[in-house]
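Structure record follows, encoded as structure tokens.
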Amino acid sequence: MSRNEPFESVPMANDHPDQAISLAQALLAPRIVIEDTQPVLDAGSFAAKAVSGQPVAVSTKAYSDGHDRLAVMLNWRQAHSRRWHCVPMQAAGNDLWQAEFTPTELGPHLFSIEAWIDPFATYCHDLEKKYHAGVEVKLELEEGRLMLGKGIELCSGALREELEAVQHRLATLSTDDQVAVFLDPTTARLMGEAEHRSYLTRSPEFPLDVDRPAALFASWYELFPRSMTDDPQRHGTFNDVHERLPMIRDMGFDVLYFPPIHPIGMQHRKGRNNALKAEPGDPGSPYAIGSPEGGHEAIHPQLGNRDDFRRLVAAAAEHGLEIALDFAIQCSQDHPWLKEHPGWFSWRPDGTIRYAENPPKKYQDIVNVDFYAPEAVPSLWLALRDVVVGWVEEGVKTFRVDNPHTKPLPFWQWLIANVRSQHPDVIFLAEAFTKPAMMARLGKVGYAQSYTYFTWRNHKQELREYFEQLNQPPWSQCYRPNFFVNTPDINPFFLHTSGRAGFLIRAALATMGSGLWGMYSGFELCEGCLLYTSDAADEEDSV
């Protein structure tokens with residue numbers, strides 16, 4: 001083929017059409033292989049999780065043909081910054097390279113790997129082997145001086161002066177001393193800074209999401225403010241919660257979590273024990289959110305007003321507690337959005353609203369929004385984002401999200417990133433008891449913490465297998481398990497007859513098995529009740 005002819009496709013040895021590569025592509029292809037980099041999720045489609053102030057361990061496989069020595073560098077930066085930080089990676093055997101870096105800022109970061117053939121490191125490796133074997137190295141020393149001279153030509157300033165000083169020293173030294181100078185780590189460092197990086201290869205840039213430490217290590221205590229009363233005839237208030245703060249703090253908790261605190265609808269309000277008809281005075285389910293008094297942005301009047309809530313947030317902070325709120329997107333049939341934005345909901349052919357169902361169960365007091373209704377895109381998405389931001393501005397930085405697996409994944413990926421772009425210290429906990437793939441995916445799209453199957457694991461072998469699974473990739477890179485020992489509607493069967501010992505065992509397993517754990521108010525009394533059972537086993541996608 002003449003020089004003027006175009007390159008032709010040259011099949012690989014197996015002649016598989018999918019593996020064909022042209023000569024032009026082969027000549028430009030990287031000579032060095034960088035692969036199996038960790039922590040990486042789905043080839044970099046999602047960000048692995050990290051925590052500010054805690055080292056991130058990065059590993060990769062880097063290798064090339066022949067016996068030349070490689071230099072491998074870990075580069076990292078904040079996503080919005082152009083300034084890269086560099087950390088040399090160390091060889092750990094079998095082409096494995098490792099390094100650590102410690103992010104100090106919150107939010108999205110990027111990291112990548114660079115590798116190149118290091119001629120001077122290769123030279124030093126061969127020189128040392130020959131010298132210690134008693135082989136004549138006169139010619140090798142001359143090669144070293146030539147490499148040093150090329151290094152001097154490639155640099156300037158202080159680096160050039162230091163290398164010239166090394167060059168001058170070599171002229172007066174014996175063979176043994178010259179070998180010592182070439183093998184000196186200082187010489188290697190100077191040459192590494194001066195040399196051209198031969199066959200430089202770069203990996204893709206991989207995303208990393210950095211949260212505050214509370215995303216990885218926190219203890220949650222859940223209570224209903226309306227239950228914080230010593231009078232069965234009086235509704236509890238935010239002000240009543242103040243008295244419980246010292247006790248909650250002294251038990252070692254640092255997150256105080258409230259189920260929805262919003263107005264509750266009257267239409268189809270549920271009564272005691274899920275009765276379809278509420279009796280006078282029945283408060284209804286707090287998850288039937290919304291009344292003429294307001295929706296997700298409002299506070300139930302019987303709990304107090306906004307100033308009362310602000311005082312509680314401040315008082316909790318004085319006790320080392322932060323308030324976490326429930327973000328439950330469902331609405332009651334009295335929610336203002338039904339009148340203001342009927343196009344955000346699904347309606348049946350007879351003109352009635354489509355309420356929530358899990359046949360044969362019916363939840364007439366709750367209706368769900370339609371995320372992809374023509375009138376809901378994008379106004380509903382923005383309205384829900386504004387609800388979250390509104391509570392963040394009231395001092396709430398942690399949200400437990402109700403049933404996120406029943407809402408679109410693209411919505412969560414957008415909302416969490418959008419909120420954290422303004423407030424990177426916000427934490428979202430996914431309350432999703434569903435299939436493993438979905439639970440992991442919620443972590444990938446941005447949830448900092450997740451409910452787990454721990455509540456249903458009782459025996460040693462299944463607990464051991466589950467703990468091992470959570471602590472290995474990919475789960476360990478995308479999923480932070482929050483081991484709740486119970487919830488308002490889940491009392492594990494193990495606790496029904498185990499007595500006090502069972503409660504202590506479950507608490508010990510939760511606190512030692514994860515940096516995150518939680519309990520619903522009353523668990524600390526260690527009192528079981530056979531009448532208190534879980535409805536969760538009847539839920540769709542339950543485990």
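We label chains A, B, ... in the order they appear in the structure tokens, count residues from 1 in each chain, and number ligands from 1 in the order shown.
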Taking the DSSP assignment computed from this structure's backbone, write out as a VMD selection string all residues of segment 76-303 of chain A that belong to alpha helix (DSSP H).
-> chain A and resid 119 to 132 138 to 153 157 to 170 175 to 182 185 to 194 238 to 241 245 to 250
Dump as JSON lines the rows for residues of segment 364-410 of chain A within 10 Å of segment 233-257 of chain A: closest atom pair and distance in Å with one decimal, only C-alpha atoms counted, ordered by chain and rising residue number.
```
{"residue": "A:Thr398", "atom": "CA", "partner": "A:Val255", "partner_atom": "CA", "distance": 8.6}
{"residue": "A:Phe399", "atom": "CA", "partner": "A:Tyr257", "partner_atom": "CA", "distance": 8.5}
{"residue": "A:Arg400", "atom": "CA", "partner": "A:Tyr257", "partner_atom": "CA", "distance": 8.0}
```
Within 10 Å of segment 136-139 of chain A, counting only C-alpha atoms, which residues show up once you throw out same-chain ones fewer than 5 positions away? Write them as a ChimeraX atom specification, please.
-> /A:127-128,130-131,144-145,175-176,179
Interface rows for segment 215-319 of chain A against segment 348-358 of chain A: nearest pair, Å to one decimal, 12 Å, only C-alpha atoms, as a tab-separated table:
```
residue	atom	partner	partner_atom	distance
A:Gln267	CA	A:Tyr355	CA	11.6
A:His268	CA	A:Tyr355	CA	10.6
A:Tyr287	CA	A:Ala356	CA	11.9
A:Ala288	CA	A:Ala356	CA	10.7
```
Requested write-out: N, CA and C atoms of the selected residues, as a short mmCIF file (atom, residue, chain, number, x, y, z; two decimals), in the first residue's frame:
```
data_model
loop_
_atom_site.label_atom_id
_atom_site.label_comp_id
_atom_site.auth_asym_id
_atom_site.auth_seq_id
_atom_site.Cartn_x
_atom_site.Cartn_y
_atom_site.Cartn_z
N GLN A 267 -62.43 14.26 53.88
CA GLN A 267 -63.15 13.32 53.02
C GLN A 267 -62.56 11.91 53.17
N HIS A 268 -63.44 10.94 53.45
CA HIS A 268 -63.03 9.54 53.60
C HIS A 268 -61.94 9.36 54.66
N TYR A 287 -50.89 10.68 56.63
CA TYR A 287 -50.45 10.53 55.24
C TYR A 287 -51.53 10.93 54.25
N ALA A 288 -52.74 11.23 54.73
CA ALA A 288 -53.78 11.82 53.88
C ALA A 288 -53.60 13.34 53.95
#
```
Go through segment 120-232 of chain A residue by residue and, counting only C-alpha atoms, keep those with an atom at most 8 Å from segment 27-47 of chain A; for each kept residue give the shortest atom pair and its distance in Å to one decimal, ordered by chain and increasing number, as a tab-separated table.
```
residue	atom	partner	partner_atom	distance
A:Tyr199	CA	A:Arg31	CA	6.6
A:Leu200	CA	A:Ile32	CA	7.9
A:Thr201	CA	A:Pro30	CA	6.2
A:Arg202	CA	A:Ile34	CA	7.8
A:Ser203	CA	A:Ile34	CA	6.5
A:Glu205	CA	A:Gly44	CA	7.9
A:Phe206	CA	A:Gly44	CA	5.2
A:Pro207	CA	A:Ala47	CA	4.5
A:Leu208	CA	A:Ala47	CA	4.5
A:Asp209	CA	A:Ala47	CA	5.6
```
Keeping only all heavy atoms, write the selected residues to a file as a short mmCIF file (atom, residue, chain, number, x, y, z; two decimals), in the first residue's frame.
```
data_model
loop_
_atom_site.label_atom_id
_atom_site.label_comp_id
_atom_site.auth_asym_id
_atom_site.auth_seq_id
_atom_site.Cartn_x
_atom_site.Cartn_y
_atom_site.Cartn_z
N TYR A 199 3.24 7.64 26.02
CA TYR A 199 2.04 6.82 25.84
C TYR A 199 0.99 7.12 26.93
O TYR A 199 0.34 6.21 27.44
CB TYR A 199 2.39 5.34 25.82
CG TYR A 199 3.38 4.99 24.73
CD1 TYR A 199 4.74 4.84 25.03
CD2 TYR A 199 2.96 4.85 23.41
CE1 TYR A 199 5.66 4.54 24.03
CE2 TYR A 199 3.87 4.55 22.41
CZ TYR A 199 5.22 4.41 22.73
OH TYR A 199 6.12 4.11 21.74
N LEU A 200 0.87 8.38 27.25
CA LEU A 200 -0.08 8.79 28.29
C LEU A 200 -1.50 8.33 27.93
O LEU A 200 -1.98 8.56 26.83
CB LEU A 200 -0.06 10.31 28.45
CG LEU A 200 -1.07 10.91 29.43
CD1 LEU A 200 -0.77 10.45 30.84
CD2 LEU A 200 -1.05 12.43 29.34
N THR A 201 -2.15 7.68 28.90
CA THR A 201 -3.51 7.18 28.71
C THR A 201 -4.37 7.68 29.86
O THR A 201 -3.94 7.63 31.02
CB THR A 201 -3.51 5.64 28.69
OG1 THR A 201 -2.65 5.20 27.63
CG2 THR A 201 -4.92 5.11 28.46
N ARG A 202 -5.57 8.14 29.54
CA ARG A 202 -6.48 8.64 30.56
C ARG A 202 -7.76 7.81 30.56
O ARG A 202 -8.28 7.47 29.51
CB ARG A 202 -6.84 10.11 30.31
CG ARG A 202 -5.67 11.08 30.46
CD ARG A 202 -6.16 12.52 30.34
NE ARG A 202 -5.10 13.48 30.54
CZ ARG A 202 -4.35 13.99 29.58
NH1 ARG A 202 -4.56 13.62 28.32
NH2 ARG A 202 -3.41 14.86 29.86
N SER A 203 -8.24 7.55 31.75
CA SER A 203 -9.54 6.89 31.89
C SER A 203 -10.64 7.92 31.73
O SER A 203 -10.38 9.14 31.73
CB SER A 203 -9.65 6.25 33.27
OG SER A 203 -9.87 7.26 34.27
N GLU A 205 -13.75 10.23 33.18
CA GLU A 205 -13.94 10.88 34.47
C GLU A 205 -15.15 10.25 35.14
O GLU A 205 -16.24 10.21 34.58
CB GLU A 205 -14.15 12.39 34.29
CG GLU A 205 -12.92 13.09 33.73
CD GLU A 205 -13.15 14.57 33.49
OE1 GLU A 205 -14.26 15.07 33.79
OE2 GLU A 205 -12.22 15.23 33.00
N PHE A 206 -14.95 9.74 36.35
CA PHE A 206 -16.00 9.03 37.07
C PHE A 206 -16.59 9.92 38.15
O PHE A 206 -15.87 10.62 38.85
CB PHE A 206 -15.44 7.75 37.69
CG PHE A 206 -14.88 6.79 36.70
CD1 PHE A 206 -13.52 6.53 36.65
CD2 PHE A 206 -15.71 6.14 35.79
CE1 PHE A 206 -12.99 5.64 35.73
CE2 PHE A 206 -15.19 5.25 34.86
CZ PHE A 206 -13.82 5.00 34.83
N PRO A 207 -17.94 9.90 38.31
CA PRO A 207 -18.58 10.79 39.29
C PRO A 207 -18.54 10.21 40.70
O PRO A 207 -18.55 9.00 40.91
CB PRO A 207 -20.01 10.88 38.78
CG PRO A 207 -20.24 9.58 38.09
CD PRO A 207 -18.92 9.17 37.49
N LEU A 208 -18.52 11.12 41.66
CA LEU A 208 -18.53 10.77 43.08
C LEU A 208 -19.40 11.81 43.79
O LEU A 208 -19.23 13.02 43.55
CB LEU A 208 -17.11 10.79 43.64
CG LEU A 208 -16.91 10.21 45.04
CD1 LEU A 208 -16.90 8.69 44.99
CD2 LEU A 208 -15.58 10.71 45.63
N ASP A 209 -20.32 11.37 44.62
CA ASP A 209 -21.19 12.29 45.34
C ASP A 209 -20.78 12.32 46.81
O ASP A 209 -20.78 11.28 47.47
CB ASP A 209 -22.65 11.84 45.20
CG ASP A 209 -23.63 12.92 45.64
OD1 ASP A 209 -23.20 14.08 45.80
OD2 ASP A 209 -24.81 12.61 45.83
#
```
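Residue nearest His109 of chain A within the list A:Gly284, A:Leu504, A:Ser52, A:Tyr479: A:Ser52 [criterion: smallest interatomic distance, only C-alpha atoms].
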Which residue, A:Gln178, A:Asp307, A:Ser219, A:Ile299, has the smallest gap to Met512 of chain A when you use only C-alpha atoms?
-> A:Ser219
Wanna dump the segment 114-233 of chain A-segment 430-453 of chain A contacts at 12 Å for me, each residue with its shortest atom pair and the distance in Å to one decimal, counting only C-alpha atoms, ordered by chain and number, as CSV?
```
residue,atom,partner,partner_atom,distance
A:Pro207,CA,A:Lys444,CA,11.2
A:Leu208,CA,A:Lys444,CA,10.8
A:Asp209,CA,A:Gly446,CA,8.4
A:Val210,CA,A:Ala448,CA,9.6
A:Asp211,CA,A:Ala448,CA,7.6
A:Arg212,CA,A:Ala448,CA,9.8
A:Pro213,CA,A:Ala448,CA,10.6
A:Ala214,CA,A:Ala448,CA,9.6
A:Ala215,CA,A:Ala448,CA,5.9
A:Leu216,CA,A:Gln449,CA,7.7
A:Phe217,CA,A:Gln449,CA,10.1
A:Ala218,CA,A:Gln449,CA,10.4
A:Trp220,CA,A:Gln449,CA,11.9
```
